[in-house]
$ cat upload_20.txt   # compact mmCIF, C-alpha atoms
# COMPACT_ATOMS: atom_id res chain seq x y z
CA MET A 1 -40.42 118.44 18.60
CA SER A 2 -41.24 120.13 15.31
CA ARG A 3 -38.05 118.69 13.64
CA VAL A 4 -38.86 115.02 14.22
CA PRO A 5 -41.36 114.61 11.42
CA GLY A 6 -38.95 116.26 8.95
CA TRP A 7 -36.19 113.82 9.91
CA LEU A 8 -38.46 110.90 9.52
CA GLY A 9 -39.55 112.13 6.11
CA ARG A 10 -35.96 112.44 4.87
CA LEU A 11 -35.16 108.92 6.18
CA GLY A 12 -38.15 107.44 4.39
CA ALA A 13 -37.18 109.18 1.16
CA ASN A 14 -33.62 107.80 1.41
CA LEU A 15 -34.88 104.27 2.04
CA THR A 16 -37.21 104.53 -0.95
CA GLU A 17 -34.39 105.74 -3.19
CA MET A 18 -32.15 102.90 -1.98
CA GLY A 19 -34.84 100.30 -2.70
CA GLU A 20 -35.26 101.62 -6.24
CA ARG A 21 -31.53 101.35 -6.84
CA LEU A 22 -31.51 97.74 -5.57
CA ASP A 23 -34.37 96.85 -7.90
CA GLU A 24 -32.52 98.38 -10.84
CA ARG A 25 -29.35 96.47 -9.95
CA ARG A 26 -31.26 93.17 -9.59
CA ALA A 27 -32.83 93.73 -13.02
CA GLU A 28 -29.41 94.34 -14.60
CA VAL A 29 -27.97 91.14 -13.03
CA GLU A 30 -30.88 89.03 -14.27
CA LYS A 31 -30.50 90.49 -17.75
CA GLU A 32 -26.76 89.69 -17.84
CA HIS A 33 -27.43 86.13 -16.61
CA ALA A 34 -30.08 85.58 -19.29
CA GLU A 35 -27.69 86.73 -22.03
CA SER A 36 -24.80 84.52 -20.82
CA GLU A 37 -26.90 81.31 -20.29
CA PRO A 38 -26.75 79.95 -23.97
CA ALA A 39 -22.96 80.38 -24.08
CA ASP A 40 -22.59 78.53 -20.80
CA ALA A 41 -24.83 75.70 -22.06
CA SER A 42 -22.73 75.23 -25.25
CA ALA A 43 -19.53 75.32 -23.21
CA ALA A 44 -20.92 72.73 -20.84
CA ALA A 45 -21.76 70.46 -23.82
CA VAL A 46 -18.14 70.67 -25.01
CA ASP A 47 -16.42 70.37 -21.64
CA PRO A 48 -18.84 69.27 -18.95
CA ALA A 49 -17.77 70.08 -15.45
CA PRO A 50 -18.94 68.11 -12.41
CA VAL A 51 -21.76 69.79 -10.61
CA ARG A 52 -21.87 69.30 -6.86
CA ARG A 53 -25.45 68.61 -5.95
CA PRO A 54 -26.77 68.67 -2.48
CA ALA A 55 -27.24 65.27 -0.83
CA PRO A 56 -30.82 64.02 -0.79
CA PRO A 57 -32.53 64.26 2.51
CA ALA A 58 -32.11 61.20 4.75
CA GLY A 59 -35.14 58.93 4.48
CA PRO A 60 -36.21 55.78 6.41
CA ARG A 61 -33.57 53.02 6.65
CA PRO A 62 -34.09 49.87 4.47
CA ASP A 63 -35.06 46.46 5.82
CA PRO A 64 -31.95 44.67 7.25
CA ALA A 65 -32.87 41.48 5.32
CA GLN A 66 -32.78 43.48 2.07
CA ALA A 67 -29.37 44.88 2.96
CA VAL A 68 -27.85 41.35 3.17
CA PRO A 69 -26.50 40.08 -0.20
CA TRP A 70 -28.62 37.49 -2.00
CA GLY A 71 -25.93 34.77 -1.89
CA VAL A 72 -25.50 35.14 1.86
CA ARG A 73 -29.25 34.87 2.37
CA VAL A 74 -29.41 31.70 0.27
CA ALA A 75 -26.50 30.18 2.22
CA ALA A 76 -28.18 31.05 5.51
CA GLU A 77 -31.50 29.54 4.42
CA ALA A 78 -29.77 26.33 3.33
CA GLY A 79 -27.59 26.32 6.45
CA TRP A 80 -30.33 26.29 9.06
CA ARG A 81 -32.23 23.62 7.11
CA LEU A 82 -29.09 21.47 7.01
CA LEU A 83 -28.68 21.99 10.74
CA VAL A 84 -32.25 20.83 11.36
CA LEU A 85 -31.69 17.81 9.11
CA ALA A 86 -28.40 16.96 10.84
CA GLY A 87 -30.08 17.22 14.23
CA THR A 88 -32.87 14.92 13.10
CA VAL A 89 -30.38 12.36 11.78
CA TRP A 90 -28.39 12.58 15.03
CA VAL A 91 -31.48 11.94 17.15
CA LEU A 92 -32.48 9.07 14.86
CA MET A 93 -29.02 7.51 15.14
CA ARG A 94 -29.15 7.81 18.93
CA VAL A 95 -32.51 6.03 18.99
CA ILE A 96 -31.23 3.31 16.65
CA SER A 97 -28.10 2.80 18.76
CA ALA A 98 -30.27 2.39 21.86
CA VAL A 99 -32.21 -0.45 20.18
CA GLN A 100 -29.45 -1.58 17.84
CA LEU A 101 -30.07 -5.28 18.41
CA VAL A 102 -33.76 -5.00 17.46
CA VAL A 103 -33.09 -2.89 14.36
CA PHE A 104 -30.29 -5.14 13.17
CA ALA A 105 -32.39 -8.27 13.73
CA PHE A 106 -35.28 -6.80 11.73
CA VAL A 107 -33.00 -5.84 8.83
CA ILE A 108 -31.50 -9.34 8.76
CA ALA A 109 -35.03 -10.73 8.83
CA LEU A 110 -35.86 -8.62 5.75
CA LEU A 111 -32.82 -10.03 3.94
CA VAL A 112 -33.72 -13.61 4.89
CA THR A 113 -37.34 -13.00 3.87
CA ALA A 114 -36.22 -11.73 0.48
CA LEU A 115 -34.22 -14.94 0.07
CA LEU A 116 -36.96 -17.35 1.21
CA GLN A 117 -40.06 -15.68 -0.25
CA PRO A 118 -39.77 -17.35 -3.69
CA THR A 119 -39.85 -20.76 -1.99
CA VAL A 120 -43.05 -19.86 -0.14
CA ALA A 121 -44.65 -18.64 -3.38
CA ARG A 122 -43.61 -21.81 -5.19
CA LEU A 123 -45.10 -24.06 -2.48
CA MET A 124 -48.35 -22.06 -2.55
CA ARG A 125 -48.57 -22.48 -6.33
CA HIS A 126 -48.41 -26.25 -5.73
CA GLY A 127 -51.41 -26.14 -3.40
CA VAL A 128 -49.72 -25.85 0.01
CA PRO A 129 -51.56 -23.40 2.32
CA ARG A 130 -49.80 -20.21 3.31
CA GLY A 131 -49.25 -21.17 6.97
CA PRO A 132 -47.59 -24.58 6.40
CA ALA A 133 -45.60 -23.21 3.45
CA THR A 134 -44.27 -20.35 5.59
CA ALA A 135 -43.40 -22.57 8.54
CA LEU A 136 -41.75 -25.23 6.37
CA THR A 137 -39.66 -22.70 4.44
CA ALA A 138 -38.53 -20.79 7.54
CA ILE A 139 -37.62 -23.91 9.50
CA LEU A 140 -35.76 -25.42 6.55
CA GLY A 141 -33.85 -22.19 5.93
CA PHE A 142 -32.73 -21.76 9.52
CA VAL A 143 -31.81 -25.44 9.78
CA VAL A 144 -29.53 -25.07 6.75
CA ILE A 145 -27.92 -21.97 8.29
CA GLY A 146 -27.46 -23.77 11.61
CA LEU A 147 -25.92 -26.79 9.90
CA MET A 148 -23.43 -24.55 8.15
CA GLY A 149 -22.37 -22.99 11.45
CA TRP A 150 -22.10 -26.40 13.12
CA PHE A 151 -20.04 -27.80 10.25
CA VAL A 152 -17.55 -24.94 10.39
CA THR A 153 -17.18 -25.28 14.16
CA TRP A 154 -16.76 -29.07 13.90
CA GLN A 155 -14.11 -28.80 11.20
CA VAL A 156 -12.15 -26.21 13.16
CA MET A 157 -12.25 -28.30 16.35
CA GLU A 158 -11.23 -31.43 14.46
CA ASN A 159 -8.24 -29.79 12.79
CA ILE A 160 -7.15 -27.38 15.54
CA ASP A 161 -4.35 -29.66 16.82
CA THR A 162 -2.98 -30.33 13.35
CA LEU A 163 -3.26 -26.67 12.47
CA SER A 164 -1.44 -25.63 15.67
CA THR A 165 1.41 -28.03 14.87
CA GLN A 166 1.64 -26.76 11.31
CA ILE A 167 1.60 -23.15 12.50
CA GLN A 168 4.42 -23.88 14.96
CA ASN A 169 6.44 -25.54 12.20
CA GLY A 170 5.76 -22.58 9.96
CA ILE A 171 7.00 -20.19 12.65
CA ASP A 172 10.18 -22.27 13.06
CA ASP A 173 10.72 -22.22 9.30
CA LEU A 174 10.20 -18.46 9.25
CA ARG A 175 12.71 -18.06 12.06
CA ASN A 176 15.32 -20.15 10.25
CA TRP A 177 14.71 -18.18 7.06
CA LEU A 178 15.20 -14.88 8.90
CA LEU A 179 18.49 -16.13 10.39
CA LYS A 180 19.80 -17.06 6.94
CA SER A 181 18.30 -14.08 5.11
CA PRO A 182 20.29 -11.01 3.99
CA PHE A 183 18.48 -8.88 6.60
CA HIS A 184 21.14 -9.83 9.21
CA VAL A 185 18.60 -10.79 11.87
CA THR A 186 20.25 -12.52 14.85
CA ASP A 187 18.88 -15.18 17.16
CA LYS A 188 19.10 -12.74 20.06
CA GLN A 189 16.84 -10.25 18.29
CA ILE A 190 14.25 -12.93 17.55
CA ASN A 191 14.30 -14.09 21.19
CA GLN A 192 13.88 -10.49 22.32
CA ILE A 193 10.83 -10.06 20.09
CA ALA A 194 9.27 -13.25 21.48
CA LYS A 195 10.01 -12.07 25.03
CA ASN A 196 8.35 -8.73 24.36
CA LEU A 197 5.26 -10.50 23.03
CA ARG A 198 5.02 -12.69 26.15
CA GLU A 199 5.41 -9.68 28.43
CA ALA A 200 2.72 -7.77 26.49
CA ILE A 201 0.32 -10.70 26.87
CA GLY A 202 1.10 -10.98 30.58
CA ALA A 203 0.61 -7.26 31.16
CA ASN A 204 -2.80 -7.34 29.44
CA THR A 205 -4.17 -10.36 31.30
CA ASP A 206 -6.90 -8.29 32.96
CA GLN A 207 -8.04 -6.90 29.62
CA ILE A 208 -8.08 -10.38 28.10
CA THR A 209 -10.15 -11.67 31.04
CA SER A 210 -12.62 -8.80 30.78
CA ALA A 211 -12.88 -9.44 27.05
CA GLY A 212 -13.75 -13.05 27.81
CA LEU A 213 -16.46 -11.94 30.23
CA GLU A 214 -17.83 -9.56 27.60
CA GLY A 215 -17.85 -12.49 25.21
CA VAL A 216 -20.52 -14.15 27.38
CA GLN A 217 -22.71 -11.08 27.00
CA VAL A 218 -22.12 -11.13 23.26
CA VAL A 219 -23.24 -14.77 23.10
CA VAL A 220 -26.45 -13.92 24.99
CA GLU A 221 -27.15 -10.99 22.66
CA ALA A 222 -26.44 -13.20 19.64
CA LEU A 223 -28.97 -15.81 20.81
CA THR A 224 -31.54 -13.07 21.42
CA GLY A 225 -30.91 -11.66 17.97
CA ILE A 226 -31.30 -15.10 16.36
CA LEU A 227 -34.70 -15.53 18.02
CA LEU A 228 -35.80 -12.07 16.89
CA VAL A 229 -34.68 -12.81 13.34
CA PHE A 230 -36.54 -16.13 13.33
CA PHE A 231 -39.88 -14.75 14.52
CA SER A 232 -39.61 -11.59 12.40
CA THR A 233 -38.96 -13.73 9.33
CA LEU A 234 -42.00 -15.90 10.10
CA PHE A 235 -44.32 -12.91 10.34
CA LEU A 236 -42.86 -11.19 7.28
CA LEU A 237 -43.26 -14.34 5.19
CA TYR A 238 -46.80 -14.97 6.37
CA ASP A 239 -48.25 -11.47 6.76
CA GLY A 240 -46.02 -9.16 4.75
CA VAL A 241 -48.75 -7.57 2.61
CA ARG A 242 -50.93 -6.58 5.57
CA ILE A 243 -47.89 -5.18 7.39
CA TRP A 244 -47.14 -3.06 4.31
CA GLN A 245 -50.76 -1.86 4.07
CA TRP A 246 -50.67 -0.89 7.75
CA PHE A 247 -47.46 1.06 7.16
CA LEU A 248 -49.07 2.93 4.25
CA LYS A 249 -51.79 4.19 6.59
CA LEU A 250 -49.10 6.03 8.57
CA VAL A 251 -48.00 7.93 5.47
CA PRO A 252 -49.73 11.29 4.72
CA SER A 253 -52.44 10.90 2.10
CA ALA A 254 -50.76 13.32 -0.33
CA ALA A 255 -47.56 11.22 -0.42
CA ARG A 256 -49.26 7.82 -0.18
CA PRO A 257 -49.51 7.03 -3.94
CA GLY A 258 -45.81 7.64 -4.46
CA VAL A 259 -44.79 5.55 -1.46
CA ALA A 260 -47.20 2.79 -2.49
CA GLY A 261 -45.50 2.63 -5.89
CA ALA A 262 -41.96 2.83 -4.51
CA GLY A 263 -42.46 -0.02 -2.01
CA PRO A 264 -42.79 -2.93 -4.48
CA ARG A 265 -39.86 -1.61 -6.52
CA ALA A 266 -37.70 -1.38 -3.42
CA TRP A 267 -38.66 -4.93 -2.50
CA ARG A 268 -37.76 -6.22 -5.95
CA THR A 269 -34.39 -4.48 -5.71
CA LEU A 270 -33.72 -6.03 -2.31
CA THR A 271 -34.75 -9.48 -3.53
CA ALA A 272 -32.52 -9.22 -6.60
CA TYR A 273 -29.60 -8.08 -4.44
CA VAL A 274 -29.95 -10.91 -1.92
CA ARG A 275 -30.36 -13.61 -4.58
CA GLY A 276 -27.46 -12.30 -6.63
CA THR A 277 -25.19 -11.93 -3.61
CA VAL A 278 -25.92 -15.47 -2.41
CA LEU A 279 -25.24 -16.89 -5.86
CA VAL A 280 -22.00 -14.93 -6.30
CA ALA A 281 -20.81 -15.84 -2.79
CA LEU A 282 -21.57 -19.51 -3.45
CA ILE A 283 -19.58 -19.47 -6.69
CA ASP A 284 -16.64 -17.77 -4.95
CA ALA A 285 -16.67 -20.27 -2.11
CA VAL A 286 -16.89 -23.31 -4.39
CA PHE A 287 -14.13 -22.35 -6.81
CA ILE A 288 -11.73 -20.96 -4.20
CA GLY A 289 -12.43 -23.98 -1.99
CA ILE A 290 -11.63 -26.37 -4.87
CA GLY A 291 -8.42 -24.45 -5.59
CA ILE A 292 -7.09 -24.49 -2.03
CA TYR A 293 -8.18 -28.14 -1.64
CA PHE A 294 -5.99 -29.22 -4.55
CA LEU A 295 -3.14 -27.11 -3.09
CA ASP A 296 -3.38 -29.19 0.13
CA VAL A 297 -4.21 -26.17 2.31
CA PRO A 298 -5.55 -27.39 5.69
CA MET A 299 -9.24 -26.85 6.49
CA ALA A 300 -10.17 -26.10 2.89
CA VAL A 301 -13.89 -26.65 3.50
CA PRO A 302 -14.15 -24.36 6.58
CA LEU A 303 -12.18 -21.73 4.71
CA ALA A 304 -14.62 -22.02 1.80
CA VAL A 305 -17.52 -21.50 4.22
CA PHE A 306 -15.78 -18.44 5.66
CA ILE A 307 -15.31 -17.11 2.12
CA PHE A 308 -19.05 -17.64 1.49
CA LEU A 309 -20.04 -15.73 4.63
CA PHE A 310 -17.54 -12.90 4.16
CA SER A 311 -18.68 -12.41 0.57
CA PHE A 312 -21.85 -10.75 1.91
CA ILE A 313 -19.64 -7.76 2.75
CA PRO A 314 -18.89 -6.28 -0.70
CA LEU A 315 -15.23 -5.71 -1.62
CA VAL A 316 -13.95 -5.76 1.97
CA GLY A 317 -15.26 -9.26 2.74
CA ALA A 318 -13.65 -10.79 -0.35
CA VAL A 319 -10.28 -9.24 0.52
CA ALA A 320 -10.45 -10.35 4.16
CA SER A 321 -11.48 -13.95 3.39
CA GLY A 322 -8.87 -14.25 0.63
CA ALA A 323 -6.17 -12.90 2.94
CA LEU A 324 -7.17 -15.47 5.58
CA ALA A 325 -6.76 -18.31 3.09
CA VAL A 326 -3.36 -16.98 1.97
CA ILE A 327 -2.13 -16.67 5.57
CA VAL A 328 -3.18 -20.23 6.41
CA ALA A 329 -1.40 -21.47 3.27
CA LEU A 330 1.73 -19.48 4.15
CA VAL A 331 2.14 -20.73 7.72
CA THR A 332 1.26 -24.33 6.90
CA GLN A 333 2.55 -25.06 3.37
CA GLY A 334 5.15 -22.41 2.64
CA VAL A 335 5.65 -19.47 0.32
CA PHE A 336 4.97 -21.27 -2.98
CA THR A 337 1.59 -22.59 -1.85
CA ALA A 338 0.69 -19.15 -0.47
CA VAL A 339 1.54 -17.53 -3.82
CA MET A 340 -0.57 -20.10 -5.68
CA THR A 341 -3.45 -19.56 -3.24
CA LEU A 342 -3.21 -15.82 -3.83
CA ALA A 343 -3.34 -16.41 -7.59
CA VAL A 344 -6.48 -18.56 -7.24
CA VAL A 345 -8.19 -15.99 -5.02
CA LEU A 346 -7.37 -13.09 -7.34
CA ALA A 347 -8.48 -15.00 -10.45
CA VAL A 348 -11.84 -15.94 -8.95
CA GLN A 349 -12.45 -12.44 -7.61
CA GLN A 350 -11.62 -10.84 -10.96
CA ILE A 351 -14.10 -13.12 -12.69
CA GLU A 352 -16.66 -12.28 -10.02
CA GLY A 353 -16.21 -8.51 -10.27
CA HIS A 354 -16.16 -8.24 -14.07
CA VAL A 355 -18.45 -11.09 -15.17
CA LEU A 356 -20.63 -12.56 -12.43
CA GLN A 357 -21.86 -9.45 -10.61
CA PRO A 358 -22.82 -7.46 -13.75
CA PHE A 359 -24.52 -10.51 -15.23
CA ILE A 360 -26.30 -11.79 -12.12
CA LEU A 361 -27.14 -8.58 -10.25
CA GLY A 362 -27.84 -6.50 -13.34
CA ARG A 363 -28.49 -2.79 -13.50
CA ALA A 364 -31.28 -2.81 -10.90
CA VAL A 365 -28.89 -2.90 -7.96
CA ARG A 366 -25.77 -1.43 -9.57
CA VAL A 367 -23.95 0.92 -7.20
CA HIS A 368 -20.73 2.76 -7.99
CA PRO A 369 -17.62 1.13 -6.42
CA LEU A 370 -16.71 4.35 -4.61
CA ALA A 371 -20.19 4.47 -3.06
CA VAL A 372 -19.78 0.81 -2.05
CA VAL A 373 -16.44 1.44 -0.33
CA LEU A 374 -17.68 4.55 1.51
CA THR A 375 -20.93 2.85 2.49
CA VAL A 376 -19.22 -0.28 3.83
CA ALA A 377 -16.73 1.86 5.78
CA ALA A 378 -19.49 4.03 7.28
CA GLY A 379 -21.63 0.99 8.13
CA GLY A 380 -18.67 -0.73 9.80
CA MET A 381 -17.86 2.37 11.85
CA VAL A 382 -21.45 2.78 12.99
CA ALA A 383 -22.52 -0.83 13.64
CA GLY A 384 -19.51 -3.09 13.11
CA ILE A 385 -19.74 -6.15 10.86
CA GLY A 386 -23.53 -6.04 10.84
CA GLY A 387 -23.51 -2.47 9.61
CA ALA A 388 -21.07 -3.37 6.84
CA VAL A 389 -23.38 -6.22 5.74
CA VAL A 390 -26.59 -4.19 5.55
CA ALA A 391 -25.05 -0.93 4.27
CA VAL A 392 -24.91 -1.76 0.56
CA PRO A 393 -28.45 -3.21 0.23
CA LEU A 394 -29.73 -0.17 2.11
CA VAL A 395 -28.01 2.15 -0.38
CA ALA A 396 -29.29 0.10 -3.33
CA VAL A 397 -32.89 0.25 -2.05
CA THR A 398 -32.59 3.98 -1.29
CA ASN A 399 -31.28 4.60 -4.80
CA THR A 400 -34.28 2.78 -6.30
CA VAL A 401 -36.80 4.62 -4.10
CA VAL A 402 -35.34 8.07 -4.76
CA GLY A 403 -35.20 7.45 -8.51
CA TYR A 404 -38.81 6.29 -8.63
CA LEU A 405 -40.10 9.19 -6.51
CA ARG A 406 -38.29 11.70 -8.73
CA GLN A 407 -39.81 10.13 -11.85
CA TYR A 408 -43.25 9.99 -10.19
CA ALA A 409 -43.09 13.70 -9.29
CA GLN A 410 -42.12 14.62 -12.85
CA GLU A 411 -44.98 12.56 -14.29
CA GLN A 412 -47.45 14.19 -11.91
CA GLN A 413 -46.24 17.65 -12.89
CA VAL A 414 -46.47 16.89 -16.61
CA GLY A 415 -49.95 15.44 -16.17
CA ALA A 416 -51.12 18.53 -14.28
CA GLU A 417 -49.78 20.82 -17.02
CA GLU A 418 -51.51 18.79 -19.73
CA ARG A 419 -54.83 18.93 -17.89
CA VAL A 420 -54.54 22.70 -17.55
CA GLN A 421 -53.73 23.16 -21.26
CA GLU A 422 -56.63 21.02 -22.52
CA PRO A 423 -59.24 23.17 -24.34
CA GLY A 424 -62.61 23.30 -22.67
CA SER A 425 -61.36 21.76 -19.50
CA GLY A 426 -62.39 24.81 -17.52
CA PRO A 427 -60.61 26.33 -14.56
CA PRO A 428 -59.02 23.92 -12.10
CA ALA A 429 -60.99 23.06 -9.03
CA THR A 430 -59.99 24.83 -5.85
CA THR A 431 -60.16 21.72 -3.74
CA GLU A 432 -59.36 18.17 -4.63
CA ALA A 433 -60.10 14.94 -2.92
CA ALA A 434 -57.15 13.24 -1.29
CA PRO A 435 -55.72 10.57 -3.58
CA THR A 436 -56.14 7.04 -2.46
CA ALA A 437 -53.14 4.73 -2.27
CA HIS A 438 -53.07 1.95 -4.75
CA VAL A 439 -51.54 -1.14 -3.21
CA PRO A 440 -50.46 -3.60 -5.89
CA ALA A 441 -51.30 -7.24 -5.52
CA PRO A 442 -48.53 -9.39 -4.05
CA THR A 443 -46.34 -11.23 -6.49
CA ALA A 444 -43.85 -14.00 -6.11
CA ASP A 445 -41.08 -11.47 -5.50
CA GLU A 446 -42.88 -9.53 -2.75
CA PRO A 447 -43.60 -10.46 0.87
CA ALA A 448 -46.96 -12.06 1.29
$ encode --input "upload_20.txt" --output "structure tokens"
Amino acid sequence: MSRVPGWLGRLGANLTEMGERLDERRAEVEKEHAESEPADASAAAVDPAPVRRPAPPAGPRPDPAQAVPWGVRVAAEAGWRLLVLAGTVWVLMRVISAVQLVVFAFVIALLVTALLQPTVARLMRHGVPRGPATALTAILGFVVIGLMGWFVTWQVMENIDTLSTQIQNGIDDLRNWLLKSPFHVTDKQINQIAKNLREAIGANTDQITSAGLEGVQVVVEALTGILLVFFSTLFLLYDGVRIWQWFLKLVPSAARPGVAGAGPRAWRTLTAYVRGTVLVALIDAVFIGIGIYFLDVPMAVPLAVFIFLFSFIPLVGAVASGALAVIVALVTQGVFTAVMTLAVVLAVQQIEGHVLQPFILGRAVRVHPLAVVLTVAAGGMVAGIGGAVVAVPLVAVTNTVVGYLRQYAQEQQVGAEERVQEPGSGPPATTEAAPTAHVPAPTADEPA
């Protein structure tokens, strides 16, 4: 028991001595490191070596929206807005297709109103009250349109027998020409083609009958549409300004001044388009009709009326009506008369496209030919012939409205900047009164 404290004392002395040696060694290492540090720094400046640093500690993850590239975010923002817009247009087209007859009748009434409004204004300037002037103009306009339709039908019925005989003779002449032509067509082949045509007609008798039954429904819808056009035209001619003022009340107050300014400009564009189209179509019909009359083409006057009506479909209507005149000339008068008819049609249409339309329609309703072709095709696919007729004026009016609204927005922005930069004007007010719509007074070119 007496040796334990001595052992513990020796152990403590050894541990103390060992600690002193460790301190001395640590001091020597630190001294050597301090002496070698400038040399290492100069060597690192000459030949730097990569230093492996420890990775920073993991922090909170970033927002996922910030991790998506900026271009992808812009595309996504534009994409969902385009989807909403496409859905809205789809729903609108479904609604329009459900009431297609009403919409088409109202658009036709707008076109007829744009054509007849100057007559109403002229009668009112001569002292005729608005009501009698409207009724007289509308009745006279629809009577003229009805007389044109009756005249075409009468001419076709009067000349149908002669035309059938001439067509049969033309088919016989074509058959004889094929037999004598270098194409080596035999009589047996021609008879086989005729037999196939008769069998095709016989096999589709049910479809032809159903088409005839559907024709009755088409006639009923046409009569309904004519009545809608007539009454819509009456009300637009008589009460157009109040209808426009009522429509402006449905527009939000912030956008009302711009819409109120775009409306009269759109109406002037539509009026210029309708007047110019009627005048150009009349010139086409007169000159082509005179040409085919002197070429002894049967039913020259009904063909001229068809050319007048088809001219309301830009580009496509002129081609279709001209092709109809050439076909009638070919099967009734022969190849030479058909070639001469084609020359007359092309000459008149070239004069129309390069001289009449730029001079008569002017820049107010100028639409690029590619836009015209695409618009007519889309209108025909959506609503048939009626859609092809109203497509181009709709695009012309839309072009005018969009251009005016863009200019109006720029003017408003410039005016706001000038008011802010005026010295002594003070800070802008925090609240402003809603602007009131200015409705211009009706003119001779606007519905009244």
$ atom_distance --input "upload_20.txt" --atom1 "CA of Phe312 (chain A)" --atom2 "CA of Ala383 (chain A)"
15.4 Å
$ closest_atom_pairs --input "upload_20.txt" --of "region 95-134 of chain A" --to "region 222-230 of chain A" --cutoff "7 Å" --atoms "only C-alpha atoms" --output "tab-separated table"
residue	atom	partner	partner_atom	distance
A:Leu101	CA	A:Gly225	CA	6.5
A:Ala105	CA	A:Val229	CA	5.1
A:Phe106	CA	A:Val229	CA	6.3
A:Ile108	CA	A:Val229	CA	6.6
A:Ala109	CA	A:Val229	CA	5.0
$ residues_around --input "upload_20.txt" --residues "region 131-139 of chain A" --least-positions-apart "4" --cutoff "10 Å" --atoms "all atoms listed in the file" --output "list in words"
Val112, Thr113, Leu116, Gln117, Pro118, Thr119, Val120, Ala121, Arg122, Leu123, Met124, Gly127, Val143, Val144, Ile145, Phe230, Phe231, Thr233, Leu234, Phe235, Leu236, Leu237, Tyr238, Asp239 and Ala448 of chain A
$ atom_distance --input "upload_20.txt" --atom1 "CA of Thr186 (chain A)" --atom2 "CA of Ala338 (chain A)"
25.7 Å
$ atom_distance --input "upload_20.txt" --atom1 "CA of Met299 (chain A)" --atom2 "CA of Phe151 (chain A)"
11.5 Å
$ closest_residue --input "upload_20.txt" --among "A:Ala285, A:Ala260, A:Val280, A:Val376" --to "Val355 (chain A)" --atoms "only C-alpha atoms"
A:Val280
$ closest_residue --input "upload_20.txt" --among "A:Ala266, A:Ala388, A:Ala13, A:Val99" --to "Ala114 (chain A)" --atoms "all atoms listed in the file"
A:Ala266
$ closest_residue --input "upload_20.txt" --among "A:Ile313, A:Leu370, A:Val326, A:Val414" --to "Val390 (chain A)" --atoms "all atoms listed in the file"
A:Ile313
$ residues_near_point --input "upload_20.txt" --point "(-18.2, -9.4, 13.7)" --cutoff "12 Å" --atoms "all atoms listed in the file" --output "list in words"
Gly215, Val218, Val219, Ala222, Leu309, Phe310, Ile313, Gly317, Gly380, Met381, Ala383, Gly384, Ile385, Gly386, Gly387, Ala388 and Val389 of chain A
